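Have a look at coords-v6.cif; it's mmCIF, C-alpha atoms:
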```cif
data_coords
#
loop_
_atom_site.label_atom_id
_atom_site.label_comp_id
_atom_site.auth_asym_id
_atom_site.auth_seq_id
_atom_site.Cartn_x
_atom_site.Cartn_y
_atom_site.Cartn_z
CA MET A 147 -84.37 87.62 -65.94
CA ALA A 148 -82.71 87.52 -62.53
CA GLN A 149 -79.48 86.29 -64.11
CA LYS A 150 -79.43 89.20 -66.57
CA GLN A 151 -79.90 91.69 -63.75
CA ALA A 152 -77.13 90.03 -61.76
CA ALA A 153 -74.81 90.11 -64.78
CA ARG A 154 -75.66 93.77 -65.43
CA ALA A 155 -74.99 94.64 -61.77
CA THR A 156 -71.67 92.80 -61.92
CA ARG A 157 -70.62 94.73 -65.04
CA MET A 158 -71.62 98.05 -63.45
CA LEU A 159 -69.64 97.16 -60.33
CA ALA A 160 -66.61 96.25 -62.46
CA ARG A 161 -66.82 99.61 -64.26
CA ALA A 162 -67.14 101.45 -60.95
CA PHE A 163 -64.09 99.63 -59.62
CA GLY A 164 -62.18 100.49 -62.79
CA PHE A 165 -63.10 104.15 -62.27
CA THR A 166 -61.78 104.08 -58.69
CA ARG A 167 -58.52 102.65 -59.99
CA LEU A 168 -58.29 105.64 -62.35
CA ILE A 169 -58.83 108.02 -59.43
CA VAL A 170 -56.12 106.23 -57.44
CA GLU A 171 -53.80 106.46 -60.47
CA LEU A 172 -54.32 110.24 -60.50
CA GLY A 173 -53.42 110.32 -56.81
CA VAL A 174 -50.35 108.17 -57.46
CA PHE A 175 -49.28 110.48 -60.30
CA SER A 176 -49.70 113.62 -58.17
CA SER A 177 -47.80 112.07 -55.26
CA LEU A 178 -44.92 111.03 -57.52
CA ALA A 179 -44.92 114.45 -59.22
CA PHE A 180 -44.64 116.23 -55.85
CA SER A 181 -41.91 113.81 -54.80
CA LEU A 182 -39.94 114.48 -57.98
CA ALA A 183 -40.43 118.24 -57.58
CA LEU A 184 -39.11 118.12 -54.00
CA PHE A 185 -36.05 116.14 -55.08
CA ILE A 186 -35.32 118.60 -57.89
CA VAL A 187 -35.78 121.59 -55.55
CA ALA A 188 -33.45 119.98 -52.99
CA ILE A 189 -30.78 119.40 -55.64
CA VAL A 190 -30.98 122.95 -57.01
CA GLN A 191 -31.01 124.39 -53.49
CA ALA A 192 -27.95 122.32 -52.57
CA TYR A 193 -26.14 123.57 -55.68
CA HIS A 194 -26.80 127.21 -54.78
CA THR A 195 -26.08 126.77 -51.07
CA ILE A 196 -22.78 124.97 -51.64
CA GLY A 197 -21.73 127.57 -54.22
CA ASP A 198 -22.59 130.33 -51.76
CA ALA A 199 -20.61 128.55 -49.03
CA PHE A 200 -17.51 128.39 -51.24
CA ARG A 201 -17.81 132.09 -52.03
CA HIS A 202 -17.91 132.89 -48.29
CA LEU A 203 -15.33 130.34 -47.19
CA GLY A 204 -13.61 131.34 -43.97
CA GLU A 205 -16.40 133.63 -42.73
CA PRO A 206 -17.70 132.80 -39.24
CA ASP A 207 -21.33 131.99 -40.15
CA THR A 208 -20.60 129.92 -43.27
CA THR A 209 -20.37 126.57 -41.46
CA LYS A 210 -23.56 127.13 -39.48
CA HIS A 211 -25.41 128.29 -42.61
CA LEU A 212 -24.21 125.21 -44.50
CA LEU A 213 -25.19 122.91 -41.63
CA VAL A 214 -28.69 124.41 -41.34
CA ALA A 215 -29.16 124.16 -45.11
CA ALA A 216 -28.03 120.51 -45.08
CA VAL A 217 -30.51 119.61 -42.33
CA GLU A 218 -33.31 121.47 -44.13
CA GLN A 219 -32.42 119.60 -47.32
CA ALA A 220 -32.61 116.29 -45.44
CA ASP A 221 -36.07 117.33 -44.23
CA THR A 222 -37.16 118.14 -47.80
CA LEU A 223 -35.81 114.83 -49.08
CA LEU A 224 -37.60 112.91 -46.33
CA VAL A 225 -40.92 114.48 -47.32
CA GLY A 226 -40.11 113.57 -50.93
CA VAL A 227 -39.42 109.98 -49.85
CA ALA A 228 -42.71 109.90 -47.92
CA LEU A 229 -44.59 111.00 -51.03
CA LEU A 230 -42.71 108.40 -53.08
CA ILE A 231 -43.69 105.69 -50.59
CA ILE A 232 -47.32 106.83 -50.69
CA GLY A 233 -47.41 106.88 -54.48
CA LEU A 234 -45.76 103.50 -54.96
CA GLY A 235 -47.74 101.99 -52.08
CA LEU A 236 -51.08 103.09 -53.48
CA GLN A 237 -50.03 101.86 -56.92
CA GLY A 238 -49.18 98.46 -55.47
CA LEU A 239 -52.37 98.21 -53.42
CA PHE A 240 -54.91 99.37 -55.97
CA VAL A 241 -53.42 98.67 -59.38
CA GLY A 242 -50.91 95.86 -59.10
CA ARG A 243 -47.69 94.73 -57.49
CA LEU A 244 -44.72 96.80 -58.63
CA GLN A 245 -41.79 95.28 -60.45
CA ASN A 246 -38.13 96.33 -60.20
CA VAL A 247 -38.43 98.17 -56.88
CA PRO A 248 -36.58 97.28 -53.67
CA GLU A 249 -38.35 94.76 -51.45
CA TRP A 250 -38.79 97.33 -48.67
CA LEU A 251 -41.00 99.40 -51.01
CA HIS A 252 -43.46 96.56 -51.59
CA VAL A 253 -46.70 97.17 -49.72
CA ASP A 254 -48.95 94.24 -48.87
CA SER A 255 -51.73 96.08 -47.01
CA PHE A 256 -52.94 99.54 -46.13
CA ASP A 257 -51.57 99.03 -42.60
CA ASP A 258 -48.19 98.16 -44.11
CA LEU A 259 -48.27 101.44 -46.06
CA LYS A 260 -49.14 103.36 -42.88
CA GLN A 261 -46.26 101.72 -40.98
CA LYS A 262 -43.74 102.64 -43.67
CA LEU A 263 -45.04 106.19 -43.82
CA LEU A 264 -45.04 106.61 -40.04
CA GLY A 265 -41.36 105.70 -39.88
CA VAL A 266 -40.52 108.43 -42.38
CA VAL A 267 -42.76 110.95 -40.58
CA VAL A 268 -41.05 110.33 -37.22
CA THR A 269 -37.63 110.75 -38.83
CA ALA A 270 -38.74 113.94 -40.61
CA LEU A 271 -40.05 115.38 -37.32
CA ALA A 272 -36.74 114.64 -35.60
CA VAL A 273 -34.78 116.23 -38.45
CA ASN A 274 -37.10 119.25 -38.38
CA PHE A 275 -36.51 119.69 -34.65
CA PHE A 276 -32.76 119.44 -35.23
CA ALA A 277 -32.98 122.23 -37.83
CA VAL A 278 -34.90 124.43 -35.38
CA ALA A 279 -32.38 123.65 -32.61
CA LEU A 280 -29.50 124.74 -34.85
CA GLU A 281 -31.07 128.19 -35.22
CA TRP A 282 -32.21 128.42 -31.59
CA LYS A 283 -31.49 131.79 -29.95
CA GLY A 284 -31.67 130.61 -26.31
CA ASP A 285 -35.30 131.41 -25.39
CA ASN A 286 -37.83 128.93 -23.97
CA SER A 287 -39.86 128.57 -27.16
CA ILE A 288 -37.83 125.54 -28.19
CA LEU A 289 -39.15 123.64 -25.16
CA VAL A 290 -42.75 124.02 -26.30
CA TYR A 291 -41.82 123.10 -29.86
CA GLY A 292 -39.80 120.09 -28.70
CA ALA A 293 -42.61 118.94 -26.40
CA ALA A 294 -45.11 119.19 -29.25
CA ILE A 295 -42.91 117.11 -31.55
CA ALA A 296 -42.26 114.61 -28.76
CA ALA A 297 -46.01 114.28 -28.17
CA VAL A 298 -46.62 113.58 -31.85
CA ILE A 299 -43.78 111.02 -31.97
CA LEU A 300 -45.12 109.36 -28.80
CA ALA A 301 -48.63 109.19 -30.28
CA VAL A 302 -47.26 107.69 -33.51
CA GLY A 303 -45.26 105.15 -31.48
CA VAL A 304 -48.30 104.13 -29.44
CA TYR A 305 -50.43 103.86 -32.61
CA SER A 306 -47.77 101.77 -34.31
CA SER A 307 -47.47 99.51 -31.27
CA VAL A 308 -51.25 99.02 -31.08
CA LEU A 309 -51.35 98.30 -34.81
CA SER A 310 -48.64 95.65 -34.40
CA ARG A 311 -50.50 94.03 -31.51
CA ILE A 312 -53.77 93.92 -33.42
CA HIS A 313 -52.29 92.52 -36.64
CA GLY A 314 -49.27 90.77 -35.17
CA PRO A 315 -45.62 91.68 -35.71
CA LEU A 316 -45.36 89.62 -38.90
CA ALA A 317 -48.40 91.24 -40.52
CA HIS A 318 -46.22 94.01 -41.91
CA ALA A 319 -43.26 91.87 -42.92
CA GLY A 320 -44.92 90.00 -45.78
CA PRO A 321 -44.19 86.39 -46.66
CA GLU A 322 -40.77 85.04 -45.86
CA LYS A 323 -38.70 84.06 -48.84
CA GLY A 324 -38.05 80.38 -49.34
CA LYS A 325 -41.21 79.26 -47.51
CA SER A 326 -44.41 77.93 -48.99
CA GLU A 327 -47.74 79.74 -48.61
CA LYS A 328 -48.79 77.24 -45.96
CA GLU A 329 -45.66 77.92 -43.89
CA ASN A 330 -46.18 81.70 -44.24
CA ALA A 331 -49.86 81.60 -43.18
CA HIS A 332 -50.54 83.54 -40.01
CA PRO A 333 -52.71 81.95 -37.28
#
```
Show how you would write the structure in this file as structure tokens.
Amino acid sequence: MAQKQAARATRMLARAFGFTRLIVELGVFSSLAFSLALFIVAIVQAYHTIGDAFRHLGEPDTTKHLLVAAVEQADTLLVGVALLIIGLGLQGLFVGRLQNVPEWLHVDSFDDLKQKLLGVVVTALAVNFFAVALEWKGDNSILVYGAAIAAVILAVGVYSSVLSRIHGPLAHAGPEKGKSEKENAHP
């Protein structure tokens, strides 16, 4: 009797786990869909902006407009990359290791996923500040904005450093190629 109950509980747990994988798959799909949408929007926006720049070639504000648009596109693409990393990372963690993707996109732990994402976030914040600085009119508001972004980047850096100290610097690197499991084991 006890064995039947244990087997029933195990089957129910397996079904529940399967259901959570489905929920994660929906999250992966939505993340990849947003990433694709951002890439398409960036491409279409670049097409229109470059066409507009050629129509106004030689006008004084054309270069600045093109530069601001290029930085804003880089910001959009970075957010798209972040969503791609999240989607592929969750897929790899909850469903199974991904095939035919670059090694840097493989995620071995949730902390590894956070580290990859934090790097993209810091870069996106820096690009965003650069876009704001390009349109700056000379008032002091940029100092507050820059300080806020610097505070966030500092907090992310401290968090990342603490995470590396807790899990060790190799915890995010994954196993080294050419070494056995025993040689790759962390103390």
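One finds CA of Val308 in chain A at 22.0 Å from CA of Ile231 in chain A.
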Please identify all polymer residues within 7 Å of range 237-252 of chain A, counting all atoms listed in the file, omitting same-chain residues fewer than 2 positions from it, and present them as a PyMOL selection string. chain A and resi 167+171+174+231+233-235+254-255
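For the pair CA of Phe256 in chain A and CA of His313 in chain A, the interatomic distance is 11.8 Å.
Atom to atom, CA of Asp207 in chain A and CA of Leu289 in chain A stand 24.7 Å apart.
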My list of candidates is A:Leu236, A:Ser310, A:Gly303, A:Gly265. Which is closest to Leu172 in chain A when distances are computed with all atoms listed in the file? A:Leu236
Give me the result of the PyMOL selection byres ((chain A and resi 181-197) around 10) on this file, residue by residue, as a PDB file with C-alpha atoms, in the frame of the given file.
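File produced: out_7.pdb:
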```pdb
ATOM      1  CA  PHE A 175     -49.280 110.480 -60.300  1.00  0.00           C
ATOM      2  CA  SER A 176     -49.700 113.620 -58.170  1.00  0.00           C
ATOM      3  CA  SER A 177     -47.800 112.070 -55.260  1.00  0.00           C
ATOM      4  CA  LEU A 178     -44.920 111.030 -57.520  1.00  0.00           C
ATOM      5  CA  ALA A 179     -44.920 114.450 -59.220  1.00  0.00           C
ATOM      6  CA  PHE A 180     -44.640 116.230 -55.850  1.00  0.00           C
ATOM      7  CA  ASP A 198     -22.590 130.330 -51.760  1.00  0.00           C
ATOM      8  CA  ALA A 199     -20.610 128.550 -49.030  1.00  0.00           C
ATOM      9  CA  PHE A 200     -17.510 128.390 -51.240  1.00  0.00           C
ATOM     10  CA  ARG A 201     -17.810 132.090 -52.030  1.00  0.00           C
ATOM     11  CA  HIS A 202     -17.910 132.890 -48.290  1.00  0.00           C
ATOM     12  CA  LEU A 203     -15.330 130.340 -47.190  1.00  0.00           C
ATOM     13  CA  THR A 208     -20.600 129.920 -43.270  1.00  0.00           C
ATOM     14  CA  HIS A 211     -25.410 128.290 -42.610  1.00  0.00           C
ATOM     15  CA  LEU A 212     -24.210 125.210 -44.500  1.00  0.00           C
ATOM     16  CA  ALA A 215     -29.160 124.160 -45.110  1.00  0.00           C
ATOM     17  CA  ALA A 216     -28.030 120.510 -45.080  1.00  0.00           C
ATOM     18  CA  GLU A 218     -33.310 121.470 -44.130  1.00  0.00           C
ATOM     19  CA  GLN A 219     -32.420 119.600 -47.320  1.00  0.00           C
ATOM     20  CA  ALA A 220     -32.610 116.290 -45.440  1.00  0.00           C
ATOM     21  CA  ASP A 221     -36.070 117.330 -44.230  1.00  0.00           C
ATOM     22  CA  THR A 222     -37.160 118.140 -47.800  1.00  0.00           C
ATOM     23  CA  LEU A 223     -35.810 114.830 -49.080  1.00  0.00           C
ATOM     24  CA  LEU A 224     -37.600 112.910 -46.330  1.00  0.00           C
ATOM     25  CA  VAL A 225     -40.920 114.480 -47.320  1.00  0.00           C
ATOM     26  CA  GLY A 226     -40.110 113.570 -50.930  1.00  0.00           C
ATOM     27  CA  VAL A 227     -39.420 109.980 -49.850  1.00  0.00           C
ATOM     28  CA  ALA A 228     -42.710 109.900 -47.920  1.00  0.00           C
ATOM     29  CA  LEU A 229     -44.590 111.000 -51.030  1.00  0.00           C
ATOM     30  CA  LEU A 230     -42.710 108.400 -53.080  1.00  0.00           C
ATOM     31  CA  ILE A 231     -43.690 105.690 -50.590  1.00  0.00           C
ATOM     32  CA  ILE A 232     -47.320 106.830 -50.690  1.00  0.00           C
ATOM     33  CA  GLY A 233     -47.410 106.880 -54.480  1.00  0.00           C
TER      34      GLY A 233
END
```
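In this comparison, which uses only C-alpha atoms, the residue of A:Glu281, A:Leu213, A:Ala272, A:Ser307 approaching Ala293 in chain A most closely is A:Ala272.
For the choices A:Ala153, A:Ile169, A:Val253, A:Val298, the atom-to-atom distance to Thr269 in chain A is smallest for A:Val298 when using all atoms listed in the file.
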Just checking: using all atoms listed in the file, which residue out of A:Thr156, A:Ala162, A:Val268, A:Asp258 ends up closest to Leu300 in chain A? A:Val268
